$ cat coords_23.cif   # mmCIF, C-alpha atoms
data_my_file
#
loop_
_atom_site.group_PDB
_atom_site.id
_atom_site.type_symbol
_atom_site.label_atom_id
_atom_site.label_comp_id
_atom_site.auth_asym_id
_atom_site.auth_seq_id
_atom_site.Cartn_x
_atom_site.Cartn_y
_atom_site.Cartn_z
ATOM 1 C CA MET A 1 28.463 43.519 -8.983
ATOM 2 C CA LYS A 2 26.321 40.617 -7.816
ATOM 3 C CA THR A 3 27.612 37.107 -7.825
ATOM 4 C CA GLU A 4 25.803 34.239 -9.524
ATOM 5 C CA THR A 5 24.370 32.828 -6.278
ATOM 6 C CA ALA A 6 23.263 36.195 -4.949
ATOM 7 C CA ALA A 7 21.475 36.947 -8.226
ATOM 8 C CA SER A 8 19.717 33.578 -8.171
ATOM 9 C CA ARG A 9 18.588 34.182 -4.575
ATOM 10 C CA ASP A 10 17.151 37.537 -5.571
ATOM 11 C CA ASP A 11 15.249 35.914 -8.437
ATOM 12 C CA GLU A 12 13.416 33.435 -6.210
ATOM 13 C CA ARG A 13 9.830 34.213 -5.472
ATOM 14 C CA PRO A 14 8.961 35.292 -1.945
ATOM 15 C CA GLY A 15 8.215 32.426 0.412
ATOM 16 C CA ALA A 16 10.154 29.821 -1.560
ATOM 17 C CA GLU A 17 12.324 29.079 1.470
ATOM 18 C CA GLY A 18 9.209 28.560 3.594
ATOM 19 C CA GLU A 19 7.822 26.073 1.063
ATOM 20 C CA LEU A 20 11.025 24.048 1.241
ATOM 21 C CA ARG A 21 10.733 23.971 5.012
ATOM 22 C CA THR A 22 7.077 22.875 4.791
ATOM 23 C CA LYS A 23 7.915 20.105 2.318
ATOM 24 C CA LEU A 24 10.779 18.909 4.468
ATOM 25 C CA LEU A 25 8.519 18.782 7.532
ATOM 26 C CA LYS A 26 5.850 16.916 5.556
ATOM 27 C CA TYR A 27 8.323 14.314 4.282
ATOM 28 C CA THR A 28 9.873 13.899 7.726
ATOM 29 C CA GLY A 29 6.445 13.479 9.309
ATOM 30 C CA GLY A 30 5.513 10.910 6.673
ATOM 31 C CA LEU A 31 8.719 8.999 7.282
ATOM 32 C CA LEU A 32 8.166 8.966 11.041
ATOM 33 C CA LEU A 33 4.542 7.836 10.632
ATOM 34 C CA SER A 34 5.625 5.064 8.247
ATOM 35 C CA ILE A 35 8.287 3.858 10.653
ATOM 36 C CA LEU A 36 5.796 3.964 13.534
ATOM 37 C CA LEU A 37 3.142 2.008 11.602
ATOM 38 C CA THR A 38 5.721 -0.568 10.492
ATOM 39 C CA GLY A 39 6.953 -1.002 14.063
ATOM 40 C CA VAL A 40 3.406 -1.408 15.369
ATOM 41 C CA SER A 41 2.719 -4.025 12.669
ATOM 42 C CA PHE A 42 5.766 -6.041 13.704
ATOM 43 C CA TRP A 43 4.805 -5.717 17.361
ATOM 44 C CA VAL A 44 1.220 -6.873 16.666
ATOM 45 C CA SER A 45 2.432 -9.941 14.789
ATOM 46 C CA ALA A 46 4.908 -10.922 17.521
ATOM 47 C CA THR A 47 2.926 -10.286 20.716
ATOM 48 C CA ASP A 48 0.271 -12.189 22.616
ATOM 49 C CA ALA A 49 -1.343 -8.958 23.858
ATOM 50 C CA VAL A 50 -3.737 -8.906 20.897
ATOM 51 C CA TRP A 51 -6.587 -11.385 20.481
ATOM 52 C CA PRO A 52 -5.215 -13.978 17.997
ATOM 53 C CA ARG A 53 -8.248 -13.840 15.705
ATOM 54 C CA GLY A 54 -8.032 -10.054 15.571
ATOM 55 C CA VAL A 55 -4.398 -9.939 14.410
ATOM 56 C CA PRO A 56 -5.160 -10.213 10.650
ATOM 57 C CA VAL A 57 -7.815 -7.498 10.896
ATOM 58 C CA LEU A 58 -5.487 -5.202 12.824
ATOM 59 C CA LEU A 59 -2.646 -5.830 10.366
ATOM 60 C CA ALA A 60 -4.965 -5.041 7.444
ATOM 61 C CA ALA A 61 -6.054 -1.803 9.132
ATOM 62 C CA LEU A 62 -2.430 -0.815 9.767
ATOM 63 C CA ALA A 63 -1.546 -1.610 6.126
ATOM 64 C CA ILE A 64 -4.400 0.576 4.874
ATOM 65 C CA ALA A 65 -3.274 3.369 7.209
ATOM 66 C CA GLN A 66 0.264 3.082 5.880
ATOM 67 C CA MET A 67 -0.988 3.241 2.293
ATOM 68 C CA GLY A 68 -2.871 6.395 3.219
ATOM 69 C CA VAL A 69 0.271 7.939 4.708
ATOM 70 C CA HIS A 70 2.232 7.146 1.558
ATOM 71 C CA LEU A 71 -0.476 8.520 -0.715
ATOM 72 C CA LEU A 72 -0.851 11.760 1.206
ATOM 73 C CA MET A 73 2.681 12.490 2.361
ATOM 74 C CA PHE A 74 4.840 11.169 -0.470
ATOM 75 C CA LEU A 75 2.667 10.874 -3.594
ATOM 76 C CA HIS A 76 0.696 14.066 -2.854
ATOM 77 C CA VAL A 77 -2.669 12.540 -3.764
ATOM 78 C CA SER A 78 -5.358 14.815 -2.405
ATOM 79 C CA SER A 79 -8.991 15.554 -3.113
ATOM 80 C CA GLY A 80 -8.217 18.805 -4.925
ATOM 81 C CA PRO A 81 -9.324 19.400 -8.505
ATOM 82 C CA GLU A 82 -5.768 19.070 -9.816
ATOM 83 C CA SER A 83 -5.458 15.448 -8.699
ATOM 84 C CA THR A 84 -8.648 14.070 -10.219
ATOM 85 C CA ASN A 85 -6.654 11.948 -12.677
ATOM 86 C CA ASN A 86 -4.509 10.568 -9.858
ATOM 87 C CA ILE A 87 -7.567 9.548 -7.873
ATOM 88 C CA MET A 88 -9.182 7.925 -10.922
ATOM 89 C CA SER A 89 -5.962 6.018 -11.670
ATOM 90 C CA LEU A 90 -5.772 4.893 -8.052
ATOM 91 C CA ALA A 91 -9.399 3.731 -8.099
ATOM 92 C CA PHE A 92 -8.816 1.795 -11.327
ATOM 93 C CA GLY A 93 -5.712 0.153 -9.851
ATOM 94 C CA VAL A 94 -7.626 -0.878 -6.726
ATOM 95 C CA PHE A 95 -10.410 -2.294 -8.931
ATOM 96 C CA VAL A 96 -7.957 -4.362 -11.019
ATOM 97 C CA VAL A 97 -6.187 -5.720 -7.935
ATOM 98 C CA ALA A 98 -9.518 -6.635 -6.305
ATOM 99 C CA LEU A 99 -10.665 -8.304 -9.528
ATOM 100 C CA VAL A 100 -7.481 -10.380 -9.776
ATOM 101 C CA ILE A 101 -7.665 -11.443 -6.115
ATOM 102 C CA PHE A 102 -11.374 -12.272 -6.263
ATOM 103 C CA GLY A 103 -10.999 -14.138 -9.570
ATOM 104 C CA SER A 104 -8.071 -16.150 -8.225
ATOM 105 C CA MET A 105 -10.060 -17.111 -5.141
ATOM 106 C CA VAL A 106 -13.027 -18.231 -7.271
ATOM 107 C CA ILE A 107 -10.750 -20.331 -9.477
ATOM 108 C CA MET A 108 -8.986 -21.910 -6.476
ATOM 109 C CA HIS A 109 -12.325 -22.734 -4.823
ATOM 110 C CA SER A 110 -13.577 -24.320 -8.032
ATOM 111 C CA LEU A 111 -10.424 -26.426 -8.364
ATOM 112 C CA ASP A 112 -10.633 -27.452 -4.706
ATOM 113 C CA THR A 113 -14.218 -28.669 -5.023
ATOM 114 C CA ARG A 114 -13.434 -30.550 -8.230
ATOM 115 C CA MET A 115 -10.379 -32.238 -6.676
ATOM 116 C CA ASN A 116 -12.374 -33.305 -3.618
ATOM 117 C CA ASP A 117 -15.189 -34.698 -5.784
ATOM 118 C CA MET A 118 -12.782 -36.784 -7.886
ATOM 119 C CA PRO A 119 -12.638 -40.498 -7.033
ATOM 120 C CA VAL A 120 -9.417 -41.642 -5.373
ATOM 121 C CA ASP A 121 -8.559 -44.090 -8.181
ATOM 122 C CA ALA A 122 -8.817 -41.378 -10.855
ATOM 123 C CA HIS A 123 -6.614 -39.116 -8.765
ATOM 124 C CA ARG A 124 -3.973 -41.872 -8.418
ATOM 125 C CA MET A 125 -4.068 -42.482 -12.171
ATOM 126 C CA MET A 126 -3.476 -38.779 -12.831
ATOM 127 C CA MET A 127 -0.527 -38.685 -10.447
ATOM 128 C CA THR A 128 1.172 -41.835 -11.847
ATOM 129 C CA ALA A 129 0.519 -41.166 -15.534
ATOM 130 C CA PRO A 130 3.731 -40.808 -17.591
#

$ encode --input "coords_23.cif" --output "structure tokens"
Amino acid sequence: MKTETAASRDDERPGAEGELRTKLLKYTGGLLLSILLTGVSFWVSATDAVWPRGVPVLLAALAIAQMGVHLLMFLHVSSGPESTNNIMSLAFGVFVVALVIFGSMVIMHSLDTRMNDMPVDAHRMMMTAP
């Protein structure tokens, strides 16, 4: 008579144990890459070895690389036909975020130019008005 666990092991499809091993390796690799990219980002921001004007560009590149690691290793977004909806959702999210950032920058620039064009007396009146 087979026990409950032995029967459940017999019912698994062949190669299921190998898939678990592959997934575990993929998640571990993703974790190590994320930790490495985070460490490099902290090092770049704290060192003088990198040209100071290049630090923001390098940090942006490292952030994009880390997003790619998260998308591929943890969220399983790939270019296969089964993840078309995921890619479209991701593209829409990127579009909305870019629109919000760009719109905010346009509004802030407009407010900055209007504040600088305002006479000093009108600005003082606005600040002291009850």

$ axis_aligned_box --input "coords_23.cif" --around "region 55-65 of chain A" --padding-each-side "5 Å" --output "JSON"
{"center_x": -4.7, "center_y": -3.4, "center_z": 9.6, "size_x": 16.3, "size_y": 23.6, "size_z": 19.5}

$ atom_distance --input "coords_23.cif" --atom1 "CA of Ile64 (chain A)" --atom2 "CA of Val94 (chain A)"
12.1 Å

$ closest_residue --input "coords_23.cif" --among "A:Leu24, A:Met126, A:Leu90, A:Met105" --to "Met73 (chain A)" --atoms "all atoms listed in the file"
A:Leu24

$ atom_distance --input "coords_23.cif" --atom1 "CA of Leu58 (chain A)" --atom2 "CA of Ser41 (chain A)"
8.3 Å

$ atom_distance --input "coords_23.cif" --atom1 "CA of His76 (chain A)" --atom2 "CA of Val40 (chain A)"
24.1 Å

$ resolve_selection --input "coords_23.cif" --expression "the PyMOL selection byres ((chain A and resi 63) around 12)" --output "JSON, numbers by chain"
{"A": [34, 36, 37, 38, 39, 40, 41, 42, 56, 57, 58, 59, 60, 61, 62, 64, 65, 66, 67, 68, 69, 70]}
